[in-house]
$ cat my_file12.cif   # mmCIF, C-alpha atoms
data_upload
#
loop_
_atom_site.label_atom_id
_atom_site.label_comp_id
_atom_site.auth_asym_id
_atom_site.auth_seq_id
_atom_site.Cartn_x
_atom_site.Cartn_y
_atom_site.Cartn_z
CA ARG A 239 208.11 130.32 -26.97
CA GLN A 240 206.20 133.46 -27.90
CA GLU A 241 206.45 134.80 -24.37
CA PHE A 242 210.21 134.29 -24.31
CA ALA A 243 210.71 135.89 -27.73
CA ILE A 244 208.52 138.89 -26.94
CA SER A 245 210.20 139.42 -23.57
CA LEU A 246 213.53 139.73 -25.38
CA LEU A 247 212.12 142.76 -27.19
CA PHE A 248 211.48 144.57 -23.88
CA THR A 249 214.76 143.62 -22.19
CA PRO A 250 217.05 146.28 -23.75
CA PHE A 251 214.70 149.08 -22.67
CA GLY A 252 214.79 147.92 -19.03
CA THR A 253 218.56 147.54 -19.10
CA PHE A 254 219.07 150.98 -20.65
CA THR A 255 216.71 152.60 -18.11
CA ARG A 256 218.51 150.93 -15.20
CA TRP A 257 221.88 152.05 -16.54
CA LYS A 258 220.72 155.68 -16.99
CA PHE A 259 219.22 155.82 -13.47
CA ALA A 260 222.33 154.28 -11.91
CA ASN A 261 224.67 156.72 -13.66
CA LYS A 262 222.56 159.74 -12.81
CA TYR A 263 221.37 159.09 -9.23
CA ASN A 264 223.70 156.58 -7.53
CA LYS A 265 226.27 159.20 -6.52
CA ARG A 266 223.78 161.63 -4.96
CA LEU A 267 223.62 159.94 -1.56
CA PRO A 268 226.89 158.39 -0.37
CA GLY A 269 226.16 155.04 1.18
CA PHE A 270 222.80 154.60 -0.58
CA PRO A 271 222.53 153.89 -4.34
CA LEU A 272 219.42 155.94 -5.06
CA GLY A 273 219.28 155.09 -8.78
CA THR A 274 219.22 151.34 -8.26
CA PHE A 275 216.80 151.72 -5.37
CA SER A 276 214.36 153.69 -7.53
CA VAL A 277 214.46 151.28 -10.48
CA ASN A 278 213.97 148.33 -8.13
CA LEU A 279 210.84 149.99 -6.74
CA LEU A 280 209.65 150.88 -10.24
CA SER A 281 210.10 147.24 -11.23
CA CYS A 282 208.06 146.12 -8.21
CA ALA A 283 205.29 148.57 -9.12
CA LEU A 284 205.23 147.43 -12.76
CA SER A 285 205.28 143.75 -11.84
CA GLY A 286 202.48 144.19 -9.32
CA SER A 287 200.23 146.32 -11.49
CA LEU A 288 200.73 144.35 -14.71
CA GLY A 289 200.41 141.10 -12.79
CA SER A 290 197.01 142.14 -11.49
CA PHE A 291 195.77 142.46 -15.07
CA LEU A 292 196.84 138.90 -15.92
CA SER A 293 193.87 137.33 -14.13
CA SER A 294 191.32 138.90 -16.50
CA ALA A 295 193.42 139.01 -19.68
CA GLY A 296 192.83 136.86 -22.71
CA PRO A 297 195.49 134.55 -24.12
CA GLU A 298 197.10 137.16 -26.37
CA GLU A 299 197.06 139.85 -23.71
CA SER A 300 198.51 137.52 -21.10
CA ILE A 301 201.44 136.71 -23.38
CA VAL A 302 202.22 140.41 -23.85
CA LEU A 303 201.73 141.29 -20.16
CA SER A 304 203.88 138.46 -18.87
CA SER A 305 206.51 139.30 -21.50
CA MET A 306 206.57 142.90 -20.28
CA ILE A 307 206.95 141.71 -16.69
CA ALA A 308 209.73 139.27 -17.53
CA GLY A 309 211.47 141.46 -20.12
CA PHE A 310 211.23 145.09 -19.06
CA ALA A 311 210.61 144.80 -15.32
CA GLY A 312 212.93 141.81 -15.01
CA SER A 313 215.86 143.57 -16.62
CA LEU A 314 215.01 146.83 -14.86
CA SER A 315 215.64 145.17 -11.52
CA THR A 316 218.53 142.72 -11.47
CA PHE A 317 219.45 140.66 -8.45
CA ALA A 318 223.15 140.64 -9.33
CA MET A 319 223.48 144.43 -9.19
CA PHE A 320 221.50 144.50 -5.96
CA ILE A 321 223.94 142.05 -4.31
CA ILE A 322 227.02 143.84 -5.70
CA GLU A 323 225.85 147.14 -4.23
CA ILE A 324 225.02 145.58 -0.86
CA ILE A 325 228.48 144.01 -0.63
CA SER A 326 230.20 147.23 -1.74
CA LEU A 327 228.45 149.15 1.06
CA ILE A 328 229.64 146.80 3.82
CA ASP A 329 233.06 147.10 5.45
CA PRO A 330 233.29 145.27 8.78
CA ILE A 331 236.78 146.63 9.52
CA ILE A 332 235.54 150.21 9.90
CA PHE A 333 232.06 149.14 11.07
CA LYS A 334 230.35 150.40 7.92
CA PHE A 335 227.09 148.52 7.49
CA ASP A 336 225.23 150.75 5.01
CA GLY A 337 224.58 147.69 2.84
CA PHE A 338 222.28 146.16 5.46
CA ILE A 339 220.25 149.36 5.68
CA TYR A 340 220.04 149.55 1.89
CA ALA A 341 218.98 145.89 1.62
CA LEU A 342 216.31 146.11 4.31
CA THR A 343 214.95 149.39 2.94
CA THR A 344 214.76 148.03 -0.60
CA ILE A 345 213.07 144.78 0.45
CA LEU A 346 210.57 146.51 2.73
CA TRP A 347 209.57 149.20 0.23
CA GLY A 348 209.56 146.68 -2.62
CA LEU A 349 207.03 144.55 -0.75
CA ILE A 350 204.87 147.55 0.13
CA ILE A 351 204.86 148.97 -3.40
CA GLY A 352 204.46 145.58 -5.07
CA LEU A 353 201.51 144.59 -2.91
CA THR A 354 199.90 148.01 -3.18
CA SER A 355 200.23 148.19 -6.96
CA SER A 356 198.90 144.65 -7.36
CA GLN A 357 195.61 145.84 -5.87
CA ALA A 358 195.30 148.87 -8.18
CA LYS A 359 192.98 147.03 -10.58
CA ASN A 360 190.65 146.03 -7.73
CA TRP A 361 190.57 149.59 -6.41
CA ALA A 362 189.84 150.97 -9.88
CA ASP A 363 186.99 148.47 -10.33
CA ASP A 364 185.40 149.60 -7.07
CA ILE A 365 185.30 153.25 -8.10
#
$ encode --input "my_file12.cif" --output "structure tokens"
Amino acid sequence: RQEFAISLLFTPFGTFTRWKFANKYNKRLPGFPLGTFSVNLLSCALSGSLGSFLSSAGPEESIVLSSMIAGFAGSLSTFAMFIIEIISLIDPIIFKFDGFIYALTTILWGLIIGLTSSQAKNWADDI
């Protein structure tokens, strides 16, 4: 219950950040929504890095960290907007398949950044 309630406190900030990025950067590259792409990667980085701290966190810290992941990072990157933008970038009549390139690029870079940021705590401990 606490985790759910605390995550609701972080949700508006993620939603507002996503909205600002989408309005400012999505029109810069036709055929590639740069704002949504950047907030999706930011969400992957936050989820990976905060998730790496969960293994050594105490009970109170783990509630706050998982609430930040679910609330802020979860609302920062929404699956519904990702699918809407993929579908809007595909037009099979004129052979426009920018949505597939956008989807593959986002998934590939999301995996790379998420896995890399999840190891940040281990790298910092080794230094």
$ atom_distance --input "my_file12.cif" --atom1 "CA of Phe317 (chain A)" --atom2 "CA of Ser245 (chain A)"
17.8 Å
$ residues_around --input "my_file12.cif" --residues "Asp336 (chain A)" --least-positions-apart "6" --cutoff "7 Å" --atoms "only C-alpha atoms" --output "CSV table (one decimal) with C-alpha atoms, keeping the file's coordinate frame"
chain,number,residue,atom,x,y,z
A,269,GLY,CA,226.2,155.0,1.2
A,327,LEU,CA,228.4,149.2,1.1
A,328,ILE,CA,229.6,146.8,3.8
$ axis_aligned_box --input "my_file12.cif" --around "region 324-329 of chain A" --padding-each-side "3 Å" --output "JSON"
{"center_x": 229.0, "center_y": 146.6, "center_z": 1.9, "size_x": 14.0, "size_y": 11.1, "size_z": 13.2}
$ residues_around --input "my_file12.cif" --residues "Gly352 (chain A)" --least-positions-apart "2" --cutoff "9 Å" --atoms "all atoms listed in the file" --output "JSON, numbers by chain"
{"A": [279, 281, 282, 283, 284, 285, 286, 287, 347, 348, 349, 350, 354, 355, 356, 357]}
$ atom_distance --input "my_file12.cif" --atom1 "CA of Ser315 (chain A)" --atom2 "CA of Val277 (chain A)"
6.3 Å
$ residues_around --input "my_file12.cif" --residues "Pro250 (chain A)" --least-positions-apart "6" --cutoff "9 Å" --atoms "only C-alpha atoms" --output "PDB file with C-alpha atoms, in the frame of the given file"
ATOM      1  CA  GLY A 309     211.470 141.460 -20.120  1.00  0.00           C
ATOM      2  CA  PHE A 310     211.230 145.090 -19.060  1.00  0.00           C
ATOM      3  CA  SER A 313     215.860 143.570 -16.620  1.00  0.00           C
TER       4      SER A 313
END
$ atom_distance --input "my_file12.cif" --atom1 "CA of Thr344 (chain A)" --atom2 "CA of Lys359 (chain A)"
24.0 Å
$ residues_around --input "my_file12.cif" --residues "Leu314 (chain A)" --least-positions-apart "3" --cutoff "9 Å" --atoms "all atoms listed in the file" --output "PyMOL selection string"
chain A and resi 249+251-257+277-278+280-281+309-311
$ write_last_selection --input "my_file12.cif" --atoms "C-alpha atoms" --output "short mmCIF file (atom, residue, chain, number, x, y, z; two decimals), in the frame of the given file"
data_model
loop_
_atom_site.label_atom_id
_atom_site.label_comp_id
_atom_site.auth_asym_id
_atom_site.auth_seq_id
_atom_site.Cartn_x
_atom_site.Cartn_y
_atom_site.Cartn_z
CA THR A 249 214.76 143.62 -22.19
CA PHE A 251 214.70 149.08 -22.67
CA GLY A 252 214.79 147.92 -19.03
CA THR A 253 218.56 147.54 -19.10
CA PHE A 254 219.07 150.98 -20.65
CA THR A 255 216.71 152.60 -18.11
CA ARG A 256 218.51 150.93 -15.20
CA TRP A 257 221.88 152.05 -16.54
CA VAL A 277 214.46 151.28 -10.48
CA ASN A 278 213.97 148.33 -8.13
CA LEU A 280 209.65 150.88 -10.24
CA SER A 281 210.10 147.24 -11.23
CA GLY A 309 211.47 141.46 -20.12
CA PHE A 310 211.23 145.09 -19.06
CA ALA A 311 210.61 144.80 -15.32
#
$ residues_around --input "my_file12.cif" --residues "Ala260 (chain A)" --least-positions-apart "3" --cutoff "8 Å" --atoms "all atoms listed in the file" --output "list in words"
Arg256, Trp257, Tyr263, Asn264, Pro271, Leu272, Gly273 and Thr274 of chain A
$ resolve_selection --input "my_file12.cif" --expression "the PyMOL selection byres ((chain A and resi 242-244) around 10)" --output "list in words"
Arg239, Gln240, Glu241, Ser245, Leu246, Leu247, Phe248, Thr249, Ile301, Val302, Leu303, Ser304, Ser305, Met306, Ala308 and Gly309 of chain A
$ closest_residue --input "my_file12.cif" --among "A:Ser293, A:Ser276, A:Ser300, A:Asn360" --to "Phe320 (chain A)" --atoms "only C-alpha atoms"
A:Ser276
$ closest_residue --input "my_file12.cif" --among "A:Leu267, A:Ile324, A:Met319, A:Ile307" --to "Ile339 (chain A)" --atoms "only C-alpha atoms"
A:Ile324
$ closest_residue --input "my_file12.cif" --among "A:Phe259, A:Gly289, A:Phe270, A:Gly296" --to "Thr343 (chain A)" --atoms "only C-alpha atoms"
A:Phe270
$ closest_residue --input "my_file12.cif" --among "A:Phe275, A:Ile331, A:Leu288, A:Ala295" --to "Ile345 (chain A)" --atoms "only C-alpha atoms"
A:Phe275
